Every structure is written in C-alpha cells, then in structure tokens.
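Containing compact mmCIF, C-alpha atoms and all ligand atoms: run_31.txt.
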# COMPACT_ATOMS: atom_id res chain seq x y z
CA MET A 93 63.90 36.59 -5.48
CA VAL A 94 67.38 35.25 -6.05
CA LYS A 95 69.68 37.81 -4.56
CA GLU A 96 73.37 38.05 -3.82
CA MET A 97 74.20 39.50 -0.44
CA THR A 98 77.31 41.07 0.92
CA GLY A 99 78.98 39.78 4.09
CA ASP A 100 77.95 42.93 5.96
CA GLU A 101 74.34 42.61 5.01
CA LEU A 102 74.31 39.04 6.25
CA LYS A 103 76.07 39.93 9.45
CA SER A 104 73.54 42.57 10.41
CA MET A 105 70.68 40.30 9.45
CA LEU A 106 71.92 37.54 11.72
CA LYS A 107 72.39 39.79 14.72
CA SER A 108 68.69 40.19 15.12
CA ASN A 109 67.35 36.69 15.52
CA ILE A 110 69.48 33.60 15.98
CA HIS A 111 71.80 33.20 18.96
CA PHE A 112 74.59 30.96 17.88
CA LYS A 113 76.77 29.34 20.51
CA SER A 114 80.48 28.64 20.22
CA LEU A 115 81.42 30.98 17.41
CA ASP A 116 85.13 31.38 16.67
CA GLY A 117 86.07 27.74 17.12
CA LEU A 118 89.47 26.59 15.92
CA LYS A 119 89.80 26.01 12.20
CA GLU A 120 91.53 23.09 10.56
CA PRO A 121 91.74 22.74 6.80
CA GLY A 122 90.01 19.65 5.53
CA LEU A 123 88.36 18.67 8.80
CA LYS A 124 84.98 20.20 8.04
CA LEU A 125 82.52 18.23 5.95
CA THR A 126 81.82 19.58 2.48
CA ASP A 127 78.37 20.96 1.62
CA GLY A 128 77.68 17.74 -0.26
CA GLN A 129 78.65 15.55 2.70
CA LEU A 130 76.42 17.59 4.98
CA GLU A 131 73.40 17.36 2.71
CA PRO A 132 71.92 14.15 4.18
CA TRP A 133 71.97 15.74 7.64
CA ARG A 134 70.32 18.91 6.35
CA ALA A 135 67.62 16.88 4.60
CA MET A 136 66.65 15.15 7.87
CA LYS A 137 65.26 18.38 9.36
CA LEU A 138 63.85 16.94 12.58
CA GLY A 139 65.48 15.02 15.41
CA LEU A 140 64.86 13.89 18.97
CA PHE A 141 67.24 14.95 21.73
CA ILE A 142 67.26 12.80 24.88
CA HIS A 143 68.69 13.92 28.23
CA TRP A 144 68.88 10.97 30.58
CA GLY A 145 71.22 10.16 33.43
CA LEU A 146 71.54 10.06 37.22
CA TYR A 147 70.03 13.55 37.41
CA SER A 148 66.76 12.06 36.13
CA ILE A 149 66.46 10.24 39.47
CA LEU A 150 66.50 13.57 41.33
CA GLY A 151 64.11 15.18 38.84
CA ARG A 152 65.47 18.64 39.47
CA GLY A 153 67.31 19.25 36.23
CA GLU A 154 70.61 17.98 34.81
CA TRP A 155 72.51 20.76 36.60
CA ALA A 156 71.32 19.66 40.09
CA MET A 157 74.74 18.36 41.18
CA HIS A 158 76.40 21.69 40.47
CA ASN A 159 73.55 24.07 41.32
CA GLU A 160 72.84 22.41 44.66
CA LYS A 161 76.55 21.98 45.41
CA ILE A 162 76.14 18.25 46.01
CA PRO A 163 79.62 16.80 46.71
CA ALA A 164 80.76 14.35 44.02
CA GLU A 165 80.89 11.34 46.43
CA GLU A 166 77.43 12.12 47.71
CA TYR A 167 75.97 12.50 44.20
CA ALA A 168 77.72 9.33 43.04
CA LYS A 169 75.53 7.29 45.40
CA LEU A 170 72.71 7.85 42.90
CA LYS A 171 74.50 5.28 40.76
CA GLU A 172 73.26 2.59 43.18
CA GLN A 173 69.70 3.66 42.40
CA PHE A 174 70.13 3.49 38.62
CA ASN A 175 67.95 0.52 37.71
CA PRO A 176 65.30 1.63 35.19
CA LYS A 177 62.40 -0.80 35.10
CA TYR A 178 60.96 0.32 31.79
CA PHE A 179 63.98 1.28 29.70
CA ASP A 180 63.19 0.27 26.13
CA ALA A 181 65.32 1.90 23.46
CA GLN A 182 63.11 0.45 20.74
CA GLU A 183 60.15 2.28 22.21
CA TRP A 184 62.15 5.54 22.25
CA ALA A 185 63.08 5.04 18.61
CA GLU A 186 59.51 4.13 17.66
CA THR A 187 58.23 7.31 19.29
CA ALA A 188 60.79 9.40 17.43
CA ARG A 189 60.00 7.71 14.14
CA ASN A 190 56.26 8.15 14.60
CA ALA A 191 56.88 11.85 15.13
CA GLY A 192 58.53 11.92 11.70
CA MET A 193 61.96 12.38 13.19
CA LYS A 194 64.96 11.20 11.22
CA TYR A 195 67.63 11.21 13.91
CA MET A 196 68.19 11.03 17.62
CA VAL A 197 70.88 12.42 19.92
CA LEU A 198 71.33 10.79 23.35
CA THR A 199 73.34 12.20 26.27
CA ALA A 200 75.88 9.39 26.47
CA ARG A 201 77.51 11.38 29.25
CA HIS A 202 76.51 14.73 30.72
CA HIS A 203 78.47 17.14 32.94
CA ASP A 204 78.00 14.94 36.05
CA GLY A 205 80.34 12.35 34.55
CA PHE A 206 78.05 9.31 34.61
CA ALA A 207 78.53 7.29 31.41
CA LEU A 208 75.58 5.43 29.91
CA TRP A 209 77.77 2.69 28.46
CA ASP A 210 80.36 0.13 29.40
CA SER A 211 83.25 2.56 29.43
CA PRO A 212 86.77 1.38 30.30
CA GLY A 213 87.92 5.00 30.06
CA SER A 214 85.50 6.25 32.70
CA TYR A 215 87.17 7.76 35.76
CA LYS A 216 86.23 5.52 38.73
CA ASN A 217 84.17 3.20 36.53
CA TYR A 218 81.23 5.54 36.82
CA THR A 219 78.93 3.83 34.34
CA SER A 220 75.47 2.38 33.85
CA MET A 221 77.17 -0.99 33.34
CA ASN A 222 78.59 -0.70 36.84
CA SER A 223 75.20 0.11 38.37
CA PRO A 224 72.50 -2.27 39.61
CA ALA A 225 71.04 -2.12 36.07
CA LYS A 226 74.26 -3.57 34.53
CA LEU A 227 73.06 -1.91 31.39
CA ASP A 228 74.86 -0.58 28.31
CA VAL A 229 72.33 2.06 27.30
CA VAL A 230 74.36 3.28 24.32
CA ASP A 231 74.51 -0.24 22.90
CA ALA A 232 70.73 -0.71 23.09
CA TYR A 233 70.12 2.82 21.83
CA THR A 234 72.39 2.65 18.79
CA ARG A 235 70.86 -0.67 17.74
CA ALA A 236 67.33 0.67 18.18
CA CYS A 237 68.08 3.78 16.11
CA ARG A 238 69.37 1.70 13.23
CA GLU A 239 66.46 -0.74 13.39
CA ALA A 240 64.05 2.19 13.18
CA GLY A 241 65.99 3.73 10.29
CA LEU A 242 67.08 6.74 12.35
CA ALA A 243 70.49 8.35 12.17
CA VAL A 244 72.50 7.80 15.36
CA GLY A 245 73.63 10.81 17.39
CA LEU A 246 75.58 10.86 20.64
CA TYR A 247 75.95 13.82 22.97
CA TYR A 248 79.13 13.97 25.03
CA SER A 249 80.24 16.53 27.60
CA PRO A 250 84.04 16.89 27.67
CA MET A 251 83.85 18.61 31.04
CA ASP A 252 83.14 16.59 34.17
CA TRP A 253 82.30 18.23 37.52
CA ARG A 254 84.01 15.42 39.44
CA PHE A 255 87.43 16.77 38.51
CA PRO A 256 88.78 19.64 40.65
CA GLY A 257 90.99 20.35 37.62
CA TYR A 258 87.89 21.43 35.73
CA PHE A 259 87.43 24.32 38.14
CA GLN A 260 91.15 25.24 38.32
CA PRO A 261 92.62 23.96 35.08
CA ARG A 262 95.88 25.89 35.28
CA GLU A 263 96.53 25.37 38.97
CA LEU A 264 95.53 21.70 38.92
CA LEU A 265 96.76 20.94 35.44
CA ASP A 266 97.53 17.25 36.09
CA ASN A 267 93.99 16.66 37.20
CA ALA A 268 92.62 18.65 34.26
CA LEU A 269 94.74 16.51 31.93
CA LEU A 270 93.26 13.39 33.51
CA MET A 271 89.82 14.76 32.59
CA LYS A 272 91.04 15.47 29.06
CA LYS A 273 92.32 11.91 28.78
CA GLN A 274 88.95 10.60 29.90
CA CYS A 275 87.35 12.74 27.19
CA HIS A 276 89.56 11.47 24.36
CA ASP A 277 89.32 7.86 25.55
CA GLN A 278 85.57 7.94 25.97
CA VAL A 279 84.84 9.65 22.67
CA GLU A 280 87.00 7.03 20.97
CA GLU A 281 85.01 4.27 22.68
CA LEU A 282 81.75 5.81 21.51
CA VAL A 283 82.77 6.21 17.89
CA SER A 284 84.57 2.87 17.59
CA LYS A 285 82.55 0.30 19.54
CA TYR A 286 78.96 0.94 18.51
CA GLY A 287 79.00 0.85 14.74
CA ARG A 288 78.65 3.90 12.58
CA ILE A 289 77.92 7.07 14.56
CA ASP A 290 76.29 9.70 12.38
CA ILE A 291 76.37 12.69 14.70
CA VAL A 292 78.72 13.65 17.52
CA TRP A 293 77.21 16.39 19.65
CA TYR A 294 79.60 17.94 22.19
CA ASP A 295 78.54 20.21 25.00
CA GLY A 296 80.62 21.83 27.69
CA SER A 297 84.17 22.50 26.54
CA TRP A 298 84.39 25.74 28.42
CA LEU A 299 86.44 25.65 31.64
CA ALA A 300 85.60 26.56 35.23
CA HIS A 301 82.24 27.82 33.99
CA LYS A 302 83.93 30.76 32.37
CA GLY A 303 84.27 31.83 28.77
CA THR A 304 83.24 29.83 25.74
CA ASP A 305 83.99 26.42 24.25
CA PRO A 306 86.81 27.78 22.05
CA ASP A 307 88.37 29.33 25.19
CA GLY A 308 88.86 25.80 26.56
CA ALA A 309 90.47 24.49 23.37
CA TRP A 310 94.03 24.80 24.79
CA LEU A 311 93.17 21.97 27.17
CA TRP A 312 90.91 19.70 25.12
CA ASP A 313 92.86 19.73 21.85
CA PRO A 314 89.67 19.42 19.81
CA ILE A 315 91.48 19.11 16.48
CA THR A 316 93.18 15.85 17.52
CA LEU A 317 89.92 14.70 19.09
CA ASN A 318 87.86 15.28 15.97
CA LYS A 319 90.49 13.92 13.59
CA MET A 320 90.16 10.73 15.60
CA VAL A 321 86.36 10.81 15.15
CA ARG A 322 86.81 11.24 11.40
CA LYS A 323 89.22 8.28 11.33
CA TYR A 324 86.37 5.96 12.32
CA ASN A 325 83.77 7.61 10.14
CA PRO A 326 84.82 10.36 7.73
CA GLN A 327 81.16 11.43 7.35
CA THR A 328 80.22 11.97 11.01
CA VAL A 329 78.47 15.31 11.44
CA ILE A 330 80.09 17.15 14.35
CA ASN A 331 78.57 20.09 16.23
CA PRO A 332 80.57 23.25 17.06
CA ARG A 333 80.85 22.83 20.80
CA SER A 334 84.21 21.09 21.23
CA GLY A 335 86.31 24.20 20.62
CA TRP A 336 86.73 23.27 16.94
CA GLU A 337 84.36 25.13 14.59
CA GLY A 338 82.38 22.01 13.69
CA ASP A 339 80.13 21.27 10.73
CA PHE A 340 77.10 23.37 11.68
CA PHE A 341 75.96 26.15 14.00
CA CYS A 342 73.90 25.72 17.15
CA ASP A 343 71.02 27.85 18.37
CA GLU A 344 70.11 26.61 21.85
CA GLY A 345 66.97 27.36 23.79
CA SER A 346 63.25 28.05 23.60
CA HIS A 347 63.38 31.63 22.26
CA PRO A 348 61.51 32.14 18.98
CA VAL A 349 63.17 32.05 15.58
CA HIS A 350 62.65 35.06 13.38
CA GLY A 351 64.46 36.97 10.67
CA GLN A 352 65.81 35.96 7.30
CA ILE A 353 67.14 32.71 5.91
CA VAL A 354 70.34 31.76 7.71
CA PRO A 355 73.06 31.25 5.10
CA VAL A 356 74.98 28.59 7.05
CA PRO A 357 74.00 25.07 8.18
CA TRP A 358 72.37 25.29 11.59
CA GLU A 359 70.30 23.46 14.14
CA LYS A 360 67.92 24.77 16.77
CA ASN A 361 67.92 22.61 19.90
CA MET A 362 65.24 23.15 22.48
CA CYS A 363 63.01 21.43 25.01
CA LEU A 364 59.59 20.08 24.20
CA GLY A 365 58.87 20.99 27.82
CA SER A 366 59.04 24.36 29.54
CA GLY A 367 62.77 24.74 28.93
CA VAL A 368 63.51 24.97 32.65
CA SER A 369 65.40 21.69 32.50
CA TRP A 370 66.64 19.33 29.80
CA GLY A 371 66.54 16.39 32.18
CA TYR A 372 63.35 14.91 33.66
CA LEU A 373 61.21 17.38 35.60
CA PRO A 374 58.05 15.83 37.07
CA GLY A 375 54.95 17.76 36.07
CA ASP A 376 56.78 19.93 33.53
CA THR A 377 54.53 21.71 31.06
CA VAL A 378 54.67 20.65 27.41
CA MET A 379 54.58 22.89 24.34
CA THR A 380 51.23 22.92 22.58
CA LEU A 381 50.96 21.38 19.12
CA PRO A 382 50.51 24.81 17.45
CA GLU A 383 53.66 26.01 19.24
CA VAL A 384 55.66 23.04 18.01
CA ILE A 385 54.39 23.36 14.43
CA THR A 386 55.06 27.10 14.39
CA MET A 387 58.60 26.55 15.63
CA LEU A 388 59.20 23.85 13.03
CA VAL A 389 57.94 26.13 10.24
CA ASN A 390 60.07 29.04 11.45
CA VAL A 391 63.17 26.85 11.54
CA LEU A 392 62.53 25.14 8.18
CA THR A 393 61.87 28.36 6.32
CA ARG A 394 65.18 29.73 7.63
CA ASP A 395 67.03 26.63 6.49
CA GLY A 396 67.66 24.98 9.87
CA ASN A 397 67.10 21.62 11.55
CA LEU A 398 65.06 21.24 14.73
CA LEU A 399 66.25 19.00 17.56
CA LEU A 400 63.49 18.63 20.16
CA ASN A 401 64.41 17.43 23.63
CA VAL A 402 62.66 14.99 25.94
CA GLY A 403 63.85 13.91 29.41
CA PRO A 404 62.88 10.32 30.25
CA ASP A 405 61.91 9.57 33.87
CA PRO A 406 64.14 7.50 36.20
CA GLU A 407 62.48 4.30 34.97
CA GLY A 408 63.32 5.15 31.36
CA ARG A 409 59.92 6.30 30.13
CA PHE A 410 59.19 9.48 28.21
CA PRO A 411 56.60 11.57 30.08
CA GLN A 412 53.20 10.58 28.69
CA GLU A 413 52.18 14.10 27.65
CA MET A 414 55.36 14.42 25.61
CA VAL A 415 54.61 11.16 23.83
CA THR A 416 51.13 12.44 23.07
CA ARG A 417 52.56 15.65 21.61
CA LEU A 418 55.14 13.77 19.56
CA ASN A 419 52.41 11.53 18.15
CA GLU A 420 50.36 14.57 17.21
CA LEU A 421 53.40 16.13 15.61
CA GLY A 422 53.84 12.89 13.67
CA GLU A 423 50.34 13.17 12.21
CA PHE A 424 51.34 16.57 10.84
CA THR A 425 54.83 15.70 9.62
CA ASN A 426 53.74 12.45 8.00
CA LYS A 427 50.80 14.02 6.22
CA TYR A 428 52.84 16.95 4.88
CA ALA A 429 56.23 15.25 4.64
CA GLU A 430 56.94 16.51 1.11
CA SER A 431 56.83 20.11 2.36
CA ILE A 432 59.27 19.38 5.20
CA PHE A 433 61.85 16.64 4.65
CA GLY A 434 64.47 17.06 1.98
CA THR A 435 63.49 20.67 1.36
CA ARG A 436 65.66 23.78 1.54
CA ALA A 437 64.57 27.26 2.52
CA GLY A 438 63.66 29.71 -0.22
CA PRO A 439 63.34 30.97 -2.84
CA LEU A 440 61.64 33.80 -0.91
CA GLN A 441 62.76 35.35 2.35
CA PRO A 442 60.27 34.68 5.14
CA VAL A 443 58.07 37.40 6.62
CA ASP A 444 58.01 37.02 10.41
CA ASP A 445 54.82 35.43 11.73
CA VAL A 446 53.22 35.52 8.27
CA PHE A 447 54.82 33.00 5.94
CA GLY A 448 57.99 31.43 4.64
CA THR A 449 58.94 29.17 1.75
CA VAL A 450 60.83 25.96 1.15
CA TYR A 451 61.44 24.16 -2.11
CA GLN A 452 62.30 20.80 -3.52
CA ASP A 453 62.97 20.17 -7.23
CA ASN A 454 60.27 22.10 -9.11
CA LYS A 455 57.95 22.47 -6.11
CA ILE A 456 57.71 25.44 -3.81
CA TYR A 457 55.82 25.14 -0.54
CA LEU A 458 54.44 28.23 1.13
CA HIS A 459 54.06 27.70 4.86
CA ILE A 460 51.53 30.33 5.83
CA LEU A 461 51.08 31.07 9.53
CA ASP A 462 48.77 34.06 9.06
CA PRO A 463 46.61 33.81 5.91
CA GLN A 464 45.01 37.18 6.51
CA ALA A 465 48.28 39.07 6.63
CA PHE A 466 49.52 36.98 3.69
CA ALA A 467 46.59 38.10 1.54
CA GLY A 468 48.08 41.56 1.04
CA ILE A 469 51.51 40.43 -0.17
CA ASP A 470 52.61 40.29 -3.80
CA LEU A 471 55.28 37.69 -4.41
CA GLU A 472 58.18 37.74 -6.79
CA ILE A 473 58.95 34.13 -7.41
CA PRO A 474 61.45 33.44 -10.14
CA GLY A 475 59.84 31.29 -12.80
CA TYR A 476 56.38 30.35 -14.01
CA ILE A 477 53.81 28.64 -11.80
CA GLU A 478 52.14 25.77 -13.62
CA ALA A 479 49.77 24.71 -10.85
CA ALA A 480 48.87 25.50 -7.26
CA ASP A 481 46.96 23.70 -4.53
CA VAL A 482 46.46 23.85 -0.78
CA LEU A 483 47.80 20.72 0.91
CA THR A 484 46.03 21.51 4.16
CA GLY A 485 42.66 21.91 2.44
CA GLY A 486 41.07 24.82 0.66
CA SER A 487 41.37 26.64 -2.62
CA VAL A 488 43.94 28.90 -4.19
CA THR A 489 44.26 30.79 -7.47
CA VAL A 490 47.29 32.36 -9.04
CA GLU A 491 47.46 35.50 -11.12
CA GLN A 492 50.83 36.07 -12.71
CA THR A 493 52.75 38.19 -15.08
CA GLU A 494 56.29 37.32 -16.08
CA ASP A 495 57.93 38.15 -12.73
CA ARG A 496 55.18 38.85 -10.28
CA GLN A 497 52.51 36.64 -8.77
CA THR A 498 49.49 37.18 -6.64
CA ILE A 499 48.47 34.09 -4.76
CA LYS A 500 44.82 34.38 -3.83
CA LEU A 501 43.68 32.12 -1.05
CA GLY A 502 40.06 31.03 -1.23
CA LYS A 503 38.18 29.28 1.51
CA LEU A 504 40.65 27.47 3.75
CA LYS A 505 40.37 24.67 6.19
CA PRO A 506 41.59 26.19 9.48
CA ALA A 507 45.22 25.18 10.09
CA VAL A 508 48.14 26.38 12.20
CA ASP A 509 50.24 26.12 9.06
CA THR A 510 48.40 26.52 5.76
CA ILE A 511 50.57 24.83 3.17
CA VAL A 512 50.30 25.88 -0.46
CA ARG A 513 52.13 23.87 -3.09
CA LEU A 514 53.28 25.59 -6.25
CA GLU A 515 54.39 23.52 -9.16
CA MET A 516 56.94 25.46 -11.17
CA ARG A 517 57.71 24.98 -14.83
CA GLU A 518 61.37 24.50 -13.98
CA ALA A 519 63.43 23.34 -11.01
CA VAL A 520 63.82 26.03 -8.37
CA LYS A 521 67.26 27.57 -8.11
CA PRO A 522 68.76 27.97 -4.64
CA LEU A 523 69.39 31.37 -3.09
CA VAL A 524 72.95 32.52 -3.57
CA PHE A 525 74.85 33.75 -0.54
CA ASP A 526 78.36 35.03 -0.23
CA LYS A 527 80.88 32.73 1.37
CA TYR A 528 80.31 33.84 4.91
CA GLU A 529 81.88 33.26 8.30
CA LEU A 530 80.34 34.12 11.62
CA HIS A 531 82.21 35.62 14.54
CA ARG A 532 81.55 36.59 18.11
CA SER A 533 81.33 40.33 18.53
CA LYS A 534 84.47 41.55 20.30
C1 LIG A 601 73.67 23.50 27.90
C2 LIG A 601 73.61 22.86 29.25
C3 LIG A 601 73.05 21.54 29.21
C4 LIG A 601 72.21 21.05 28.08
C5 LIG A 601 72.58 21.69 26.79
C6 LIG A 601 71.68 21.38 25.64
O1 LIG A 601 74.90 23.82 27.45
O2 LIG A 601 74.82 22.88 29.93
O3 LIG A 601 72.59 21.11 30.44
O4 LIG A 601 72.58 19.73 27.92
O5 LIG A 601 72.87 22.98 26.89
O6 LIG A 601 71.96 22.13 24.52

Would it be possible to restate this file's structure as structure tokens?
Ligand code: GLC
Amino acid sequence: MVKEMTGDELKSMLKSNIHFKSLDGLKEPGLKLTDGQLEPWRAMKLGLFIHWGLYSILGRGEWAMHNEKIPAEEYAKLKEQFNPKYFDAQEWAETARNAGMKYMVLTARHHDGFALWDSPGSYKNYTSMNSPAKLDVVDAYTRACREAGLAVGLYYSPMDWRFPGYFQPRELLDNALLMKKQCHDQVEELVSKYGRIDIVWYDGSWLAHKGTDPDGAWLWDPITLNKMVRKYNPQTVINPRSGWEGDFFCDEGSHPVHGQIVPVPWEKNMCLGSGVSWGYLPGDTVMTLPEVITMLVNVLTRDGNLLLNVGPDPEGRFPQEMVTRLNELGEFTNKYAESIFGTRAGPLQPVDDVFGTVYQDNKIYLHILDPQAFAGIDLEIPGYIEAADVLTGGSVTVEQTEDRQTIKLGKLKPAVDTIVRLEMREAVKPLVFDKYELHRSK
C-alpha cells in the first residue's frame, strides 16, 4: 500500500533493525548527490568488498597490528615480504562479475598505513610500489574493474596507527596534522591519477579509538576533503564515514536485516566469511548459499545495496571456498537478474522471514522466503494484476477484487527464495516517505 509516514513513525521503525554507523556527520549544502545522481549506484545493488594489505601476510585480521600491540617499525618489516605471486586484478574482477556484482571496493589503504599504490604522499614511502613486488595494485585494479564493466570503488582509512598524533591528537597536534596532510594528499592521488573513481569509501575518521567519525571532523576537515573529491568527479558516491554526512548510510556487520523498508539510501557491508576478520583468515568459514541469498533478499526488499567482503591471501588469491560461493551466487543473480538489479523496494512492506517485494516499471517481484507462512497473507497491492508467474518454477494463481489480492501458490520447485513475478496493468508507483533525517540518540 502506498502510505505516507511521519518522521516519528520512521524513527521508531528504524530503531529496531538497522544499525547505521556515523550518523550526525557534518552537513554542507550542495555537497550531497541528488536522488537522481545516486540512482545508478542504487540500481547496482551488489558489490564486492576486498580487504587486502600487509595484515593478509599475518592472517590474523586487519587489526593485528593494533590488537597485538606490534610496534610500527616491527610491523613495517612485513613490507619486505609483500610480493604476491598470484595477484591478478582481472581475475578478481571476473569473479565479481560472475557473481553478478556491479561494483567493487578495494582497501587502497587500511588503518596500518600501508598504501597499495605508488603514493608520493605516503608517510615514509610505505607503499606496495616500494616493496619487493614493485606493484601499483590500485592501477591494476582500477583498470580491471573498468574492463569488466564494474564501477570502481576505493576504500581509504584517514587514520593511520603509525602516527602517535592519532592517539593524542590534541597533545601531539603537529603530528596529527601530518597524518591529516597524508590523508588529503593520498585521497587526491587516488581520485586524480586513476581515471574516474565511482565510489570513495572512508573508514576510520574517529580519533584515538574514541567517539565516532563526526567527532574527528575538527581534525580531518572532511568538507574540504570531499569538495576536492567532487572537483575531480562531481558524481562520485561518497560513504558517510569521513565525518561529513555522505551520500548514503552504512550498516556494517553480519547481523541480520529485518524490519521495514529503509527510507534513505543505504548499504549493508559484511563478510562472506565468519565476520571475525575482514582481512585474510586461513580456514575461515564461509556463509552458505542459502544464507547469502536470504541476506540479499532481506537487503533488496528494504531498499539497500549489499557489499560482500572477501580477504585475498598473501599471494593475492581469493580463498577457493569463497570463489565457489560467489560463483554459486552468480548462478542465482544471473538467472533472476530482473528481480534484483535496477529494482526498488516496495510497493509492499516486507514481513520478516516471510516475504518482501521489489518493483521495476510495471513488474512487481515477490521474494518469498517462507511459502507456507506466505499462504495465509492477503495482499493489498495498488493496481490491477494482469499476469503472474513463478520465476523459480511452479504455479501461481491470483484472485483479485479492486484493491485486494490473494496470491495462491501451487506446486513449487523448492527454492531458498521463491520469486513470483506480477505484471501490473500500470507502472508501479514508489512508496512515499517524508523527508527524513537520521540522528544518533543522545
Ligand atoms: C571497521 C573496521 C575495519 C573494517 C571495516 C569494514 O570499521 O575498523 O577493519 O575495514 O569496518 O566496514
């Protein structure tokens, strides 16, 4: 049903299910993309996140340097071991494309400070170019994305554990400002030297491991930083984790997605593995295919994008089981692409663990996770259903009066996600939400 909601209604609805990071970022008129400019990103729906760096050599998670209190000089010796035998960005991109993904986001530089490109702005020339590999990973990666027709995303961590000023920004302000300069210089390198960058994905603008990203904004000056990004490409989609509010909201982690349609642009980012680490973890478990499909359905039917993370091993290869899962996911997404890519959530609110809807033009797709529970539900879909079929195999009949439909499922081919396509007489109208802003609770 098309329904107008009040801000309060939306606020209480959101409390229950999605955990957005970095709310209350700085605002700057005109810096945010318009709904229209953001549409291509929203249509992409599915992306591959890649965490790769010196921490992959240790295989104990991308926080190893900090968690294990490894001194910066000690940790930096890993650079001399960075020489991946099997790094092949084209293979990464192929894997993502086969999975049906439309974009990738690579950790150009994580919190440990090691830059995966030839970076003149890097403090102490701490780069993959200045390693035995003599490799500009970002260069190879950005080319491979474009060749495979994928949008190019780069992750960048403003904070860098090598700087004492990170831990005591006010006391060691000069050092903290050196880190800030590195951040502005390096982001400029990334958005100016590698062609068009479609997505800039910040992470770690909080300070001394306290507070939130917006709390660190006094140091980073994220407005100047992101105005610079826009100068090189006015359409770059920017996440909310620089201290500026960004173009979309971020829900990070493996927790399930439930509740109603989220009335703001958002992305769920999570690991395809156990979620213990984003970087390579030997022997990590991998989500099952039904788990991945269920997550994708839950995100899609609440109007989000899904960014699934893989941590390549020290030699540059994706763990084999993850590749297998991504290929299986690809069989699903390619076969049912019309019910995934380019859709928007609605016109019905989802029912947790039972079903949700997305639409495109005059088609509505019901993604049904529990056909038995679905059988008892009467739907109120605005408009007249001209035809119905089950994309995943099986039969369906529709009984309808002017404003009420009963969708009767016949014999179905067993599926994690039973997809029913409804052809409507007219184009489906989007749900209407109030103009709505999210805030941290005080
Ligand atoms: C966190 C972690 C980090 C990981 C990221 C992914 O903020 O600091 O290790 O890269 O989330 O969203």

Could you name the residues that touch Asp180 (chain A) at 9 Å or less, counting all atoms listed in the file, but leaving out those on the same chain fewer than 3 positions away, as a PDB file with C-alpha atoms, in the coordinates of the input?
ATOM      1  CA  GLU A 183      60.150   2.280  22.210  1.00  0.00           C
ATOM      2  CA  TRP A 184      62.150   5.540  22.250  1.00  0.00           C
ATOM      3  CA  ALA A 185      63.080   5.040  18.610  1.00  0.00           C
ATOM      4  CA  ALA A 232      70.730  -0.710  23.090  1.00  0.00           C
ATOM      5  CA  TYR A 233      70.120   2.820  21.830  1.00  0.00           C
ATOM      6  CA  ALA A 236      67.330   0.670  18.180  1.00  0.00           C
ATOM      7  CA  GLY A 408      63.320   5.150  31.360  1.00  0.00           C
ATOM      8  CA  ARG A 409      59.920   6.300  30.130  1.00  0.00           C
TER       9      ARG A 409
END

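Checking A:Leu125, A:Tyr178, A:Trp155, A:Phe141 one by one against Val244 (chain A), counting all atoms listed in the file, you find the shortest gap at A:Phe141.
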
Give me, as JSON, numbers by chain, the set of residues whose atoms come within 8 Å of any atom of ligand LIG 601 (chain A), counting all atoms listed in the file. {"A": [143, 154, 155, 199, 202, 203, 295, 296, 344, 345, 361, 362, 369, 370, 371]}

Excluding Glu186 (chain A) and any residue of its chain fewer than 3 positions from it, enumerate the residues within 9 Å of it, using only C-alpha atoms, and give them as a ChimeraX atom specification. /A:181-183,189-191,236-237,240

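Distances to Asp376 (chain A) were evaluated for A:Pro439, A:Gly403, A:Pro256, A:Gly351 using all atoms listed in the file, and the minimum falls at A:Gly403.
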
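CA of Glu359 (chain A) sits 18.6 Å away from CA of Ser297 (chain A).
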
At a cut-off of 9 Å, using all atoms listed in the file, what residues contact Pro522 (chain A)? Leave out same-chain residues fewer than 4 positions from it and give the result as a list in words. Val94, Arg436, Ala437, Gly438, Pro439 and Tyr451 of chain A

Please list as a PyMOL selection string every residue within 8 Å of Ser148 (chain A), counting all atoms listed in the file and excluding residues in the same chain fewer than 2 positions away. chain A and resi 144-146+150-154+371-373+403-406

Please give the centre and size of the box around region 304-321 of chain A (axis-aligned, containing every atom listed in the file, 6 Å added per side), with values in Å to one decimal and written as AutoDock Vina command-line options.
--center_x 88.6 --center_y 20.3 --center_z 20.4 --size_x 22.8 --size_y 31.1 --size_z 25.6

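Across the model, the gap from CA of Asp305 (chain A) to CA of Ala268 (chain A) is 15.3 Å.
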
Find, counting only C-alpha atoms, the residue in A:Lys273, A:Lys505, A:Lys194, A:Lys455 that gets nearest to Gly139 (chain A). A:Lys194

Work out how far CA of Arg394 (chain A) is from CA of Glu515 (chain A), in Å to one decimal. 20.9 Å

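With distances taken over all atoms listed in the file, A:Glu518 is the one residue among A:Glu383, A:Glu120, A:Glu518, A:Asp228 lying closest to Tyr476 (chain A).
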
With a distance cut-off of 8 Å and only C-alpha atoms, select the neighbouring residues of Val508 (chain A), excluding the residue or stretch itself and same-chain residues fewer than 3 positions from it, and output the selection as a count of residues only. 4

Sel. within 7 Å of pt (84.2, 15.4, 23.8), counting all atoms listed in the file, output as a VMD selection string: chain A and resid 248 to 250 275 to 276 279 294 334

For a quick check of understanding, using all atoms listed in the file, which of A:Lys285, A:Lys171, A:His347, A:Lys216 has the smallest distance to His111 (chain A)? A:His347

Starting from the sparse input, extend region 283-291 of chain A to N, CA, C and O atoms and give the output as a short mmCIF file (atom, residue, chain, number, x, y, z; two decimals), in the frame of the given file.
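File written: result-v3.cif
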data_model
loop_
_atom_site.label_atom_id
_atom_site.label_comp_id
_atom_site.auth_asym_id
_atom_site.auth_seq_id
_atom_site.Cartn_x
_atom_site.Cartn_y
_atom_site.Cartn_z
N VAL A 283 82.80 6.22 19.36
CA VAL A 283 82.77 6.21 17.89
C VAL A 283 83.39 4.95 17.29
O VAL A 283 83.35 4.75 16.08
N SER A 284 83.94 4.08 18.16
CA SER A 284 84.57 2.87 17.59
C SER A 284 83.87 1.58 17.98
O SER A 284 84.01 0.57 17.29
N LYS A 285 83.09 1.58 19.06
CA LYS A 285 82.55 0.30 19.54
C LYS A 285 81.08 0.07 19.25
O LYS A 285 80.53 -0.98 19.56
N TYR A 286 80.41 1.06 18.68
CA TYR A 286 78.96 0.94 18.51
C TYR A 286 78.53 1.13 17.06
O TYR A 286 77.45 1.67 16.80
N GLY A 287 79.35 0.70 16.14
CA GLY A 287 79.00 0.85 14.74
C GLY A 287 79.13 2.30 14.31
O GLY A 287 79.71 3.13 15.00
N ARG A 288 78.52 2.57 13.18
CA ARG A 288 78.65 3.90 12.58
C ARG A 288 77.87 4.95 13.39
O ARG A 288 76.66 4.84 13.57
N ILE A 289 78.58 5.97 13.85
CA ILE A 289 77.92 7.07 14.56
C ILE A 289 77.77 8.23 13.59
O ILE A 289 78.75 8.70 13.01
N ASP A 290 76.54 8.68 13.40
CA ASP A 290 76.29 9.70 12.38
C ASP A 290 76.52 11.12 12.87
O ASP A 290 76.87 12.00 12.09
N ILE A 291 76.26 11.32 14.17
CA ILE A 291 76.37 12.69 14.70
C ILE A 291 77.08 12.65 16.05
O ILE A 291 76.71 11.86 16.93
#
